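Coordinates as given in upload.txt (compact mmCIF, C-alpha atoms and all ligand atoms):
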```txt
# COMPACT_ATOMS: atom_id res chain seq x y z
CA MET A 31 -25.07 96.25 -50.83
CA ASP A 32 -23.90 93.07 -52.50
CA SER A 33 -25.64 89.81 -51.59
CA LYS A 34 -23.15 88.95 -48.84
CA GLN A 35 -23.75 92.32 -47.19
CA ILE A 36 -27.51 91.98 -47.57
CA LEU A 37 -27.45 88.64 -45.78
CA ALA A 38 -25.13 89.93 -43.08
CA PHE A 39 -27.35 92.96 -42.45
CA ASP A 40 -30.41 90.72 -42.44
CA LYS A 41 -28.84 88.51 -39.80
CA ALA A 42 -27.77 91.46 -37.69
CA HIS A 43 -30.91 93.63 -37.86
CA VAL A 44 -33.97 91.97 -39.39
CA TRP A 45 -36.26 89.73 -37.39
CA HIS A 46 -37.85 86.71 -39.10
CA PRO A 47 -40.96 84.74 -38.01
CA TYR A 48 -40.62 82.69 -34.82
CA THR A 49 -36.84 83.05 -34.63
CA SER A 50 -34.16 84.25 -32.29
CA ALA A 51 -32.39 87.50 -33.16
CA THR A 52 -29.13 85.63 -32.69
CA SER A 53 -30.23 82.68 -34.81
CA GLU A 54 -27.43 80.99 -36.74
CA GLU A 55 -29.82 80.05 -39.51
CA ASP A 56 -28.97 81.54 -42.89
CA CYS A 57 -31.93 82.82 -44.84
CA LEU A 58 -31.91 82.36 -48.59
CA LEU A 59 -31.81 85.54 -50.64
CA VAL A 60 -34.61 85.54 -53.20
CA GLU A 61 -34.48 87.79 -56.25
CA LYS A 62 -37.86 87.00 -57.76
CA ALA A 63 -40.55 84.39 -58.07
CA GLU A 64 -42.52 83.26 -61.09
CA GLY A 65 -45.23 80.61 -61.37
CA VAL A 66 -44.25 77.88 -58.87
CA PHE A 67 -40.58 78.87 -58.88
CA ILE A 68 -38.67 80.85 -56.28
CA GLU A 69 -35.48 82.19 -57.85
CA LEU A 70 -32.45 82.77 -55.63
CA GLU A 71 -29.81 85.41 -56.24
CA SER A 72 -27.44 82.61 -57.29
CA GLY A 73 -29.84 81.89 -60.17
CA GLU A 74 -30.96 78.58 -58.64
CA ARG A 75 -34.70 77.91 -58.88
CA LEU A 76 -36.68 76.09 -56.21
CA ILE A 77 -40.16 74.62 -56.68
CA ASP A 78 -42.31 76.24 -54.00
CA GLY A 79 -44.01 73.58 -51.89
CA MET A 80 -45.45 76.09 -49.40
CA SER A 81 -47.44 78.67 -51.44
CA SER A 82 -45.84 81.17 -49.04
CA TRP A 83 -47.87 79.76 -46.14
CA TRP A 84 -51.11 78.78 -47.92
CA SER A 85 -51.52 82.09 -49.72
CA VAL A 86 -50.03 82.10 -53.24
CA ILE A 87 -52.62 79.79 -54.79
CA HIS A 88 -52.22 81.04 -58.37
CA GLY A 89 -48.43 81.12 -58.28
CA TYR A 90 -46.13 84.14 -58.31
CA ASN A 91 -46.15 87.05 -60.73
CA HIS A 92 -49.53 86.13 -62.18
CA PRO A 93 -50.47 88.37 -65.15
CA ALA A 94 -54.16 88.72 -64.17
CA LEU A 95 -53.35 89.66 -60.57
CA ASN A 96 -50.56 91.99 -61.69
CA ARG A 97 -53.03 93.69 -64.02
CA ALA A 98 -55.68 94.07 -61.31
CA ILE A 99 -53.28 95.67 -58.86
CA THR A 100 -51.61 98.03 -61.34
CA GLU A 101 -54.93 99.16 -62.83
CA GLN A 102 -56.30 99.85 -59.36
CA CYS A 103 -53.08 101.65 -58.46
CA SER A 104 -53.72 104.25 -61.15
CA GLN A 105 -57.25 104.85 -59.76
CA MET A 106 -56.31 105.00 -56.06
CA ALA A 107 -54.01 102.89 -53.94
CA HIS A 108 -55.74 103.66 -50.69
CA LEU A 109 -58.74 105.48 -49.29
CA MET A 110 -60.09 105.76 -45.78
CA PHE A 111 -63.16 103.56 -45.35
CA GLY A 112 -64.99 105.73 -42.81
CA GLY A 113 -67.79 107.51 -44.68
CA LEU A 114 -66.29 106.63 -48.09
CA THR A 115 -66.67 103.53 -50.19
CA HIS A 116 -65.40 102.32 -53.56
CA ARG A 117 -66.17 99.81 -56.28
CA PRO A 118 -63.43 97.26 -55.45
CA ALA A 119 -64.72 96.88 -51.85
CA VAL A 120 -68.34 96.50 -52.92
CA ASN A 121 -67.61 94.22 -55.87
CA LEU A 122 -65.42 92.00 -53.71
CA ALA A 123 -68.10 91.73 -50.99
CA ASN A 124 -70.59 90.79 -53.69
CA ALA A 125 -68.25 88.12 -55.09
CA LEU A 126 -67.49 86.75 -51.61
CA LEU A 127 -71.13 86.51 -50.54
CA GLU A 128 -71.84 84.49 -53.68
CA ILE A 129 -69.31 81.80 -52.78
CA VAL A 130 -69.22 81.58 -48.95
CA PRO A 131 -71.64 79.41 -46.92
CA LYS A 132 -75.18 80.70 -47.39
CA GLY A 133 -75.96 82.24 -44.01
CA LEU A 134 -73.17 84.83 -44.14
CA LYS A 135 -74.39 88.27 -45.18
CA TYR A 136 -71.99 90.97 -43.92
CA VAL A 137 -68.31 91.49 -44.66
CA PHE A 138 -65.89 93.24 -42.31
CA TYR A 139 -62.50 93.85 -43.98
CA SER A 140 -59.25 93.98 -42.04
CA ASP A 141 -55.53 93.79 -42.64
CA SER A 142 -54.43 90.34 -41.47
CA GLY A 143 -55.71 86.97 -40.37
CA SER A 144 -54.98 87.55 -36.70
CA VAL A 145 -56.95 90.79 -36.81
CA ALA A 146 -59.85 89.01 -38.55
CA VAL A 147 -59.87 86.59 -35.60
CA GLU A 148 -59.82 89.46 -33.08
CA VAL A 149 -62.74 91.00 -34.96
CA ALA A 150 -64.64 87.68 -34.85
CA LEU A 151 -64.13 87.38 -31.08
CA LYS A 152 -65.24 90.98 -30.58
CA MET A 153 -68.33 90.40 -32.75
CA ALA A 154 -69.29 87.41 -30.61
CA MET A 155 -68.83 89.42 -27.39
CA GLN A 156 -70.80 92.40 -28.67
CA TYR A 157 -73.57 90.12 -29.94
CA TRP A 158 -74.30 88.87 -26.42
CA GLN A 159 -73.61 92.23 -24.81
CA SER A 160 -76.23 93.79 -27.09
CA GLN A 161 -78.79 91.39 -25.65
CA HIS A 162 -77.76 92.13 -22.06
CA LYS A 163 -76.24 88.67 -21.74
CA SER A 164 -72.82 89.94 -20.75
CA GLY A 165 -72.20 86.74 -18.77
CA LYS A 166 -71.65 85.02 -22.09
CA ASN A 167 -68.08 86.25 -22.44
CA GLN A 168 -65.85 83.16 -22.65
CA PHE A 169 -64.52 81.19 -25.59
CA VAL A 170 -64.07 77.50 -26.15
CA THR A 171 -61.92 75.81 -28.75
CA ILE A 172 -60.18 72.50 -29.44
CA LYS A 173 -56.56 71.61 -28.80
CA ASN A 174 -54.03 71.72 -31.66
CA GLY A 175 -55.66 74.83 -33.10
CA TYR A 176 -53.96 77.91 -34.50
CA HIS A 177 -55.68 81.27 -34.85
CA GLY A 178 -52.94 83.88 -35.11
CA ASP A 179 -50.42 85.77 -33.03
CA THR A 180 -52.22 88.82 -31.62
CA TRP A 181 -53.16 88.70 -27.96
CA HIS A 182 -56.64 87.20 -27.98
CA ALA A 183 -56.10 85.15 -31.13
CA MET A 184 -53.09 83.65 -29.35
CA SER A 185 -55.20 82.79 -26.30
CA VAL A 186 -57.28 80.38 -28.40
CA CYS A 187 -54.24 78.73 -30.02
CA ASP A 188 -53.11 75.38 -28.65
CA PRO A 189 -51.58 76.12 -25.23
CA VAL A 190 -48.57 73.86 -25.86
CA THR A 191 -47.62 74.56 -29.49
CA GLY A 192 -48.71 78.18 -28.97
CA MET A 193 -46.29 78.39 -26.02
CA HIS A 194 -48.78 80.00 -23.64
CA HIS A 195 -46.34 79.51 -20.73
CA ILE A 196 -44.05 82.24 -22.11
CA PHE A 197 -46.61 84.92 -21.38
CA ASN A 198 -46.61 84.68 -17.66
CA ASN A 199 -50.27 83.71 -17.28
CA ARG A 200 -51.39 86.99 -18.80
CA LEU A 201 -53.33 85.41 -21.67
CA SER A 202 -57.02 85.18 -20.89
CA VAL A 203 -57.97 81.69 -19.87
CA GLN A 204 -60.00 79.84 -22.48
CA HIS A 205 -61.60 76.41 -22.53
CA PHE A 206 -59.80 73.71 -24.48
CA LEU A 207 -61.53 70.49 -25.48
CA SER A 208 -59.64 67.51 -26.91
CA SER A 209 -59.05 67.79 -30.62
CA PRO A 210 -61.27 65.51 -32.73
CA LYS A 211 -59.97 61.93 -32.87
CA SER A 212 -61.95 60.68 -35.86
CA VAL A 213 -59.89 61.49 -38.91
CA TYR A 214 -61.02 62.51 -42.35
CA GLY A 215 -61.90 59.61 -44.60
CA LYS A 216 -62.12 57.01 -41.80
CA ALA A 217 -65.02 55.91 -39.58
CA PHE A 218 -66.60 58.42 -37.22
CA ASP A 219 -66.61 57.60 -33.53
CA GLN A 220 -69.90 58.97 -32.21
CA SER A 221 -68.72 58.73 -28.60
CA GLU A 222 -66.35 61.66 -29.07
CA MET A 223 -69.29 64.08 -29.14
CA VAL A 224 -70.31 63.11 -25.59
CA PRO A 225 -67.73 65.26 -23.75
CA VAL A 226 -68.39 68.13 -26.18
CA SER A 227 -72.11 67.97 -25.52
CA GLU A 228 -71.57 67.70 -21.76
CA PHE A 229 -69.21 70.64 -21.76
CA LEU A 230 -71.63 72.86 -23.69
CA GLN A 231 -74.54 71.81 -21.51
CA GLU A 232 -72.65 72.77 -18.35
CA ASN A 233 -71.01 75.97 -19.56
CA HIS A 234 -73.21 77.52 -22.23
CA SER A 235 -74.40 80.35 -20.02
CA HIS A 236 -70.80 81.68 -19.90
CA LEU A 237 -69.90 80.93 -23.50
CA ALA A 238 -69.87 83.54 -26.24
CA ALA A 239 -68.56 81.29 -29.00
CA PHE A 240 -66.84 78.11 -30.09
CA ILE A 241 -63.93 78.89 -32.41
CA LEU A 242 -62.12 76.31 -34.52
CA GLU A 243 -60.55 75.63 -37.89
CA PRO A 244 -62.98 73.59 -40.00
CA ILE A 245 -61.70 70.11 -41.04
CA VAL A 246 -57.98 70.97 -41.27
CA GLN A 247 -56.08 72.14 -38.21
CA GLY A 248 -53.11 73.88 -39.81
CA ALA A 249 -50.16 75.35 -37.93
CA GLY A 250 -51.21 73.53 -34.72
CA GLY A 251 -50.46 70.09 -36.17
CA MET A 252 -51.74 69.63 -39.74
CA ARG A 253 -54.55 67.34 -38.59
CA PHE A 254 -57.51 66.43 -40.83
CA TYR A 255 -60.61 65.60 -38.81
CA HIS A 256 -63.97 64.05 -39.64
CA PRO A 257 -66.65 66.34 -41.17
CA GLU A 258 -69.24 64.64 -38.95
CA TYR A 259 -67.53 66.21 -35.91
CA LEU A 260 -68.03 69.67 -37.39
CA LYS A 261 -71.61 68.93 -38.42
CA GLN A 262 -72.56 67.73 -34.94
CA LEU A 263 -70.65 70.53 -33.26
CA TYR A 264 -72.64 72.99 -35.37
CA LEU A 265 -75.90 71.41 -34.16
CA LEU A 266 -74.75 71.39 -30.52
CA CYS A 267 -73.80 75.07 -30.73
CA LYS A 268 -77.27 75.85 -32.09
CA GLN A 269 -78.88 73.75 -29.36
CA PHE A 270 -76.96 75.46 -26.55
CA ASN A 271 -77.00 78.98 -27.97
CA VAL A 272 -73.25 79.29 -28.48
CA LEU A 273 -72.00 81.05 -31.62
CA LEU A 274 -69.81 79.09 -34.02
CA ILE A 275 -66.75 80.86 -35.44
CA ALA A 276 -65.10 79.06 -38.37
CA ASP A 277 -61.51 80.15 -38.94
CA GLU A 278 -61.09 79.47 -42.68
CA ILE A 279 -57.94 81.60 -42.97
CA ALA A 280 -55.81 78.61 -44.01
CA THR A 281 -58.52 76.36 -45.44
CA GLY A 282 -60.48 78.89 -47.51
CA PHE A 283 -60.38 79.26 -51.30
CA GLY A 284 -60.08 75.63 -52.30
CA ARG A 285 -57.13 74.34 -50.30
CA THR A 286 -58.97 71.33 -48.81
CA GLY A 287 -60.68 70.30 -52.04
CA LYS A 288 -63.82 72.35 -51.31
CA LEU A 289 -64.00 76.09 -51.82
CA PHE A 290 -64.46 76.45 -48.05
CA ALA A 291 -63.82 73.62 -45.62
CA CYS A 292 -67.23 74.15 -43.96
CA GLU A 293 -68.69 72.64 -47.15
CA HIS A 294 -67.30 69.22 -46.16
CA ALA A 295 -69.84 69.28 -43.31
CA GLU A 296 -72.47 71.35 -45.17
CA ILE A 297 -72.67 73.93 -42.41
CA SER A 298 -72.83 77.70 -42.31
CA PRO A 299 -71.08 79.23 -39.28
CA ASP A 300 -72.35 82.38 -37.52
CA ILE A 301 -68.99 84.07 -38.09
CA MET A 302 -66.21 83.16 -40.52
CA CYS A 303 -62.65 84.45 -40.90
CA ILE A 304 -60.80 84.46 -44.20
CA GLY A 305 -57.33 85.70 -45.13
CA LYS A 306 -54.12 84.16 -46.52
CA ALA A 307 -55.23 83.15 -50.07
CA LEU A 308 -57.86 85.92 -50.22
CA THR A 309 -55.66 88.11 -52.46
CA GLY A 310 -53.93 85.15 -54.11
CA GLY A 311 -51.10 85.87 -51.68
CA TYR A 312 -50.38 89.34 -53.06
CA MET A 313 -50.73 91.27 -49.82
CA SER A 314 -51.85 91.17 -46.25
CA PHE A 315 -55.62 91.27 -46.24
CA ALA A 316 -58.43 89.49 -44.42
CA ALA A 317 -62.12 89.61 -43.66
CA THR A 318 -64.59 88.52 -41.01
CA LEU A 319 -68.04 87.59 -42.30
CA CYS A 320 -71.15 87.23 -40.19
CA SER A 321 -74.83 86.41 -40.43
CA ASP A 322 -77.59 88.96 -40.71
CA GLU A 323 -78.67 88.06 -37.17
CA ILE A 324 -75.24 88.97 -35.72
CA ALA A 325 -74.95 92.22 -37.69
CA GLN A 326 -78.50 93.34 -36.86
CA THR A 327 -78.28 92.43 -33.17
CA ILE A 328 -74.99 94.26 -32.65
CA SER A 329 -76.31 97.28 -34.50
CA LYS A 330 -79.60 97.50 -32.59
CA GLY A 331 -78.11 96.98 -29.13
CA GLU A 332 -75.88 99.19 -26.97
CA PRO A 333 -73.66 100.97 -28.09
CA GLY A 334 -75.21 100.32 -31.51
CA VAL A 335 -71.90 100.27 -33.39
CA PHE A 336 -69.27 97.63 -33.89
CA MET A 337 -66.09 98.82 -32.23
CA HIS A 338 -63.39 98.14 -34.78
CA GLY A 339 -62.03 100.04 -37.79
CA PRO A 340 -58.48 99.48 -39.00
CA THR A 341 -56.76 102.30 -40.90
CA PHE A 342 -56.30 100.10 -43.96
CA MET A 343 -59.79 98.58 -43.83
CA GLY A 344 -61.03 97.76 -47.34
CA ASN A 345 -57.78 98.79 -49.01
CA PRO A 346 -58.63 99.20 -52.73
CA LEU A 347 -55.46 97.50 -54.02
CA ALA A 348 -56.17 94.46 -51.85
CA CYS A 349 -59.86 94.37 -52.79
CA ALA A 350 -59.14 94.62 -56.52
CA THR A 351 -56.53 91.87 -56.32
CA ALA A 352 -58.81 89.63 -54.25
CA LEU A 353 -61.59 90.08 -56.78
CA ALA A 354 -59.25 89.06 -59.61
CA SER A 355 -58.11 86.06 -57.56
CA ILE A 356 -61.70 84.87 -57.07
CA GLN A 357 -62.34 85.26 -60.80
CA LEU A 358 -59.32 83.04 -61.50
CA LEU A 359 -60.59 80.44 -59.03
CA LYS A 360 -63.98 80.45 -60.73
CA LYS A 361 -62.41 80.07 -64.14
CA ASN A 362 -60.50 77.00 -62.95
CA ARG A 363 -63.54 75.71 -61.04
CA TYR A 364 -61.50 75.54 -57.80
CA ASN A 365 -60.22 72.16 -58.84
CA THR A 366 -57.54 70.53 -56.68
CA ALA A 367 -58.65 66.88 -57.05
CA HIS A 368 -55.77 66.12 -59.43
CA ILE A 369 -53.27 67.53 -56.91
CA GLU A 370 -54.71 65.39 -54.10
CA GLN A 371 -54.53 62.29 -56.25
CA GLN A 372 -50.94 62.93 -57.29
CA LEU A 373 -49.85 63.73 -53.72
CA LYS A 374 -51.47 60.52 -52.44
CA GLN A 375 -49.86 58.40 -55.13
CA GLY A 376 -46.46 59.98 -54.71
CA LEU A 377 -46.16 60.25 -50.93
CA SER A 378 -47.95 57.13 -49.66
CA SER A 379 -44.94 54.81 -50.08
CA LEU A 380 -43.12 56.84 -47.40
CA SER A 381 -45.44 55.42 -44.74
CA ASN A 382 -43.42 52.15 -44.94
CA MET A 383 -40.38 53.92 -43.52
CA GLU A 384 -39.46 53.30 -39.90
CA ALA A 385 -39.08 57.01 -39.10
CA VAL A 386 -42.48 57.98 -40.56
CA ALA A 387 -45.54 58.00 -38.29
CA ASP A 388 -48.19 58.90 -40.85
CA VAL A 389 -48.75 60.16 -44.39
CA ARG A 390 -51.98 62.03 -45.19
CA CYS A 391 -53.24 64.13 -48.06
CA LEU A 392 -56.36 66.23 -48.51
CA GLY A 393 -57.04 68.61 -51.37
CA ALA A 394 -53.79 70.40 -52.16
CA ILE A 395 -52.16 69.49 -48.82
CA GLY A 396 -49.68 66.65 -48.33
CA VAL A 397 -48.31 65.81 -44.89
CA VAL A 398 -45.56 63.42 -43.85
CA GLU A 399 -45.58 63.17 -40.07
CA MET A 400 -42.33 61.84 -38.60
CA LYS A 401 -42.04 60.06 -35.26
CA GLU A 402 -39.51 62.57 -33.90
CA ASN A 403 -39.02 66.31 -34.36
CA VAL A 404 -37.17 67.00 -37.60
CA ASP A 405 -33.79 68.67 -37.90
CA MET A 406 -34.85 71.82 -39.76
CA GLY A 407 -31.33 72.75 -40.83
CA ALA A 408 -30.58 69.32 -42.29
CA ILE A 409 -33.93 69.16 -44.12
CA GLN A 410 -33.57 72.64 -45.52
CA LYS A 411 -30.08 71.90 -46.89
CA GLU A 412 -31.29 68.72 -48.52
CA CYS A 413 -34.33 70.52 -49.97
CA MET A 414 -31.94 72.98 -51.64
CA ARG A 415 -30.07 70.09 -53.21
CA GLN A 416 -33.34 68.67 -54.48
CA GLY A 417 -34.44 72.05 -55.87
CA ILE A 418 -37.53 72.38 -53.69
CA TRP A 419 -38.69 74.77 -50.96
CA LEU A 420 -40.31 73.38 -47.80
CA ARG A 421 -40.52 74.76 -44.27
CA PRO A 422 -41.15 71.87 -41.88
CA PHE A 423 -42.07 72.36 -38.22
CA GLY A 424 -42.05 69.97 -35.27
CA LYS A 425 -42.53 66.46 -36.62
CA LEU A 426 -44.17 67.67 -39.79
CA VAL A 427 -42.75 67.74 -43.29
CA TYR A 428 -45.60 69.05 -45.40
CA THR A 429 -46.46 70.70 -48.66
CA MET A 430 -49.31 72.83 -49.98
CA PRO A 431 -48.24 73.83 -53.49
CA PRO A 432 -49.80 76.58 -55.61
CA PHE A 433 -52.86 75.23 -57.47
CA ILE A 434 -51.33 76.12 -60.83
CA ILE A 435 -48.53 73.58 -60.36
CA SER A 436 -48.25 71.34 -63.45
CA THR A 437 -48.18 67.54 -63.29
CA ASP A 438 -44.44 67.54 -64.07
CA GLU A 439 -43.64 70.21 -61.50
CA LEU A 440 -45.65 68.37 -58.86
CA SER A 441 -43.86 65.11 -59.74
CA ALA A 442 -40.54 66.88 -59.25
CA LEU A 443 -41.71 68.33 -55.92
CA ILE A 444 -42.92 64.93 -54.68
CA LEU A 445 -39.73 63.20 -55.82
CA GLY A 446 -37.78 65.90 -53.99
CA ILE A 447 -39.74 65.31 -50.76
CA ARG A 448 -39.20 61.55 -51.04
CA ASN A 449 -35.48 62.01 -51.65
CA VAL A 450 -35.09 64.45 -48.75
CA ILE A 451 -36.76 62.08 -46.30
CA ARG A 452 -34.99 58.98 -47.64
CA LYS A 453 -31.57 60.68 -47.53
CA ILE A 454 -32.00 61.93 -43.97
CA TYR A 455 -33.73 58.90 -42.48
CA ALA A 456 -32.31 56.02 -44.55
C1 LIG A 501 -52.31 82.09 -40.55
C2 LIG A 501 -53.52 81.91 -39.76
C3 LIG A 501 -54.03 82.94 -38.94
C4 LIG A 501 -53.32 84.27 -38.78
O1 LIG A 501 -53.23 84.99 -39.96
P1 LIG A 501 -52.10 86.14 -40.11
O2 LIG A 501 -52.42 86.77 -41.42
O3 LIG A 501 -50.79 85.45 -40.06
O4 LIG A 501 -52.30 87.08 -38.97
C5 LIG A 501 -55.19 82.70 -38.25
N1 LIG A 501 -55.83 81.52 -38.34
C6 LIG A 501 -55.40 80.51 -39.12
C7 LIG A 501 -56.18 79.25 -39.21
C8 LIG A 501 -54.21 80.67 -39.84
O5 LIG A 501 -53.75 79.65 -40.58
```
Translate the structure described by the file into structure tokens.
Amino acid sequence: MDSKQILAFDKAHVWHPYTSATSEEDCLLVEKAEGVFIELESGERLIDGMSSWWSVIHGYNHPALNRAITEQCSQMAHLMFGGLTHRPAVNLANALLEIVPKGLKYVFYSDSGSVAVEVALKMAMQYWQSQHKSGKNQFVTIKNGYHGDTWHAMSVCDPVTGMHHIFNNRLSVQHFLSSPKSVYGKAFDQSEMVPVSEFLQENHSHLAAFILEPIVQGAGGMRFYHPEYLKQLYLLCKQFNVLLIADEIATGFGRTGKLFACEHAEISPDIMCIGKALTGGYMSFAATLCSDEIAQTISKGEPGVFMHGPTFMGNPLACATALASIQLLKKNRYNTAHIEQQLKQGLSSLSNMEAVADVRCLGAIGVVEMKENVDMGAIQKECMRQGIWLRPFGKLVYTMPPFIISTDELSALILGIRNVIRKIYA
């Protein structure tokens, strides 16, 4: 098929994320990607401002990651994980346990972020079940969250942006507290813990766990909240015997300026989900980590096993690539401070514009929040002209570039963002 036919077939038969099958939107045909550049079939190159949704932290076509995956491929591409184990899975668990918050001791591998969240929710349920406290079977979260698209993960996503109404009231009902109001880097308003504390006091006997994204709420609104909220929430959960699940799928591996966002609040959750950047964005892979206490309690109780085991659990290619990705992060000392500084310097002037509600940057994330929903089509066309790739949603024009982006490439990306917004909203 020539490129015209490819695009026509794509439009007629291939579904893309969160789109209509009859969408008029034209996808761009990409031939390859290298470093921070996405190369189109026309030969045009776009600077990637999205890291393919938080994941490609070391850029595309990275020699070290390519080597890890091809070397592993010649050993074995896949192996069932029931009753068998292999070096990549064990070495990766070892590397992960060295860098995650201290209290986490067990690693459960799975195939995507949403599944890692399902696994976390099931762990929390089985933990209480094992102690004959089956009344503790509900979940609480905060508004504006995002935890994935499978059934139960979806039920703890923000009810409005997650479009709960589409599912005919079939999603299990969860508890939603207001999202934190105190923002990162500003003063903390102690009074916002009062309703949280009251809620936990009243409902703890029915609650299995509190699930939330630490510090940065991603796809539910790109909000950065105060670490003190997370620190106090952690203490309240301890006080009221409610497990804390940290969903680090977007924030993990250095994106927020710390290796894991929990470090901003110096807490260690009972259960933690990771995914997205775990393999440097090479493939779909995720993990749910838990404390010794959770693993032991589930294993000693009834039925004495944890009821989950995906076919591709611990896939050797994914494990080997993830291990190589962590080694790269270590070599570069997870440093994103220079990216944060450059994003702040470059984007802050946009906050003077009438159409802009807020500009905020944290780690390798830059967000320009508009006052009204953006016209995706118009923005995407202008991005093409500027030679950059962004994928805005709602009111949010945002970027989270690969960490390997050079100062010049980041300048070009920032200039592109400024030009796009100025051209459309001037
Ligand atoms: C992307 C994301 C998920 C879902 O991960 P998938 O791999 O897309 O299933 C869950 N939680 C958070 C915070 C995410 O950003």
Sorted by chain and rising residue number, list the residues of chain A at most 8 Å from ligand LIG 501 (chain A) (counting all atoms listed in the file), each with its closest atom pair and distance in Å to one decimal, as a tab-separated table.
```
residue	atom	partner	partner_atom	distance
A:Trp83	CA	A:LIG501	C1	7.5
A:Trp84	CA	A:LIG501	O5	7.8
A:Asp141	CA	A:LIG501	O2	7.8
A:Ser142	CA	A:LIG501	O2	4.1
A:Gly143	CA	A:LIG501	O1	3.2
A:Ser144	CA	A:LIG501	O4	3.5
A:Val145	CA	A:LIG501	O4	6.3
A:Ala146	CA	A:LIG501	O4	7.8
A:Val147	CA	A:LIG501	C5	6.6
A:Gly175	CA	A:LIG501	C7	7.6
A:Tyr176	CA	A:LIG501	C7	5.4
A:His177	CA	A:LIG501	N1	3.5
A:Gly178	CA	A:LIG501	C4	3.7
A:Asp179	CA	A:LIG501	O4	6.4
A:Thr180	CA	A:LIG501	O4	7.6
A:Ala183	CA	A:LIG501	C5	7.6
A:Glu243	CA	A:LIG501	C7	5.8
A:Gln247	CA	A:LIG501	C7	7.2
A:Gly248	CA	A:LIG501	O5	5.9
A:Ala249	CA	A:LIG501	O5	6.2
A:Asp277	CA	A:LIG501	C7	5.4
A:Glu278	CA	A:LIG501	C7	6.0
A:Ile279	CA	A:LIG501	C6	4.7
A:Ala280	CA	A:LIG501	O5	4.1
A:Thr281	CA	A:LIG501	C7	7.3
A:Cys303	CA	A:LIG501	N1	7.9
A:Gly305	CA	A:LIG501	O2	6.2
A:Lys306	CA	A:LIG501	O2	6.0
A:Ser314	CA	A:LIG501	O2	6.6
A:Phe315	CA	A:LIG501	O2	7.3
A:Ala316	CA	A:LIG501	O2	7.2
```
Applying 9 Å and only C-alpha atoms, which residues near A:Gln161 remain after dropping the ones on its own chain fewer than 4 positions away? List them as JSON, numbers by chain. {"A": [156, 157, 327, 328, 331, 332]}
Between A:Ser185, A:Ser33, A:Thr115, A:Ser378, which has the minimum distance to A:Arg200 (counting only C-alpha atoms)?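 Nearest candidate to A:Arg200 out of A:Ser185, A:Ser33, A:Thr115, A:Ser378: A:Ser185.
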Please determine the residues with any atom at most 8 Å from (-70.8, 83.6, -24.3) (coordinates as given in the file, with all atoms listed in the file counting) and report them as a PyMOL selection string. chain A and resi 154-155+158+163-169+234-239+272-273
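Between atom CA of A:Ser436 and atom CA of A:His368 lies a distance of 10.0 Å.
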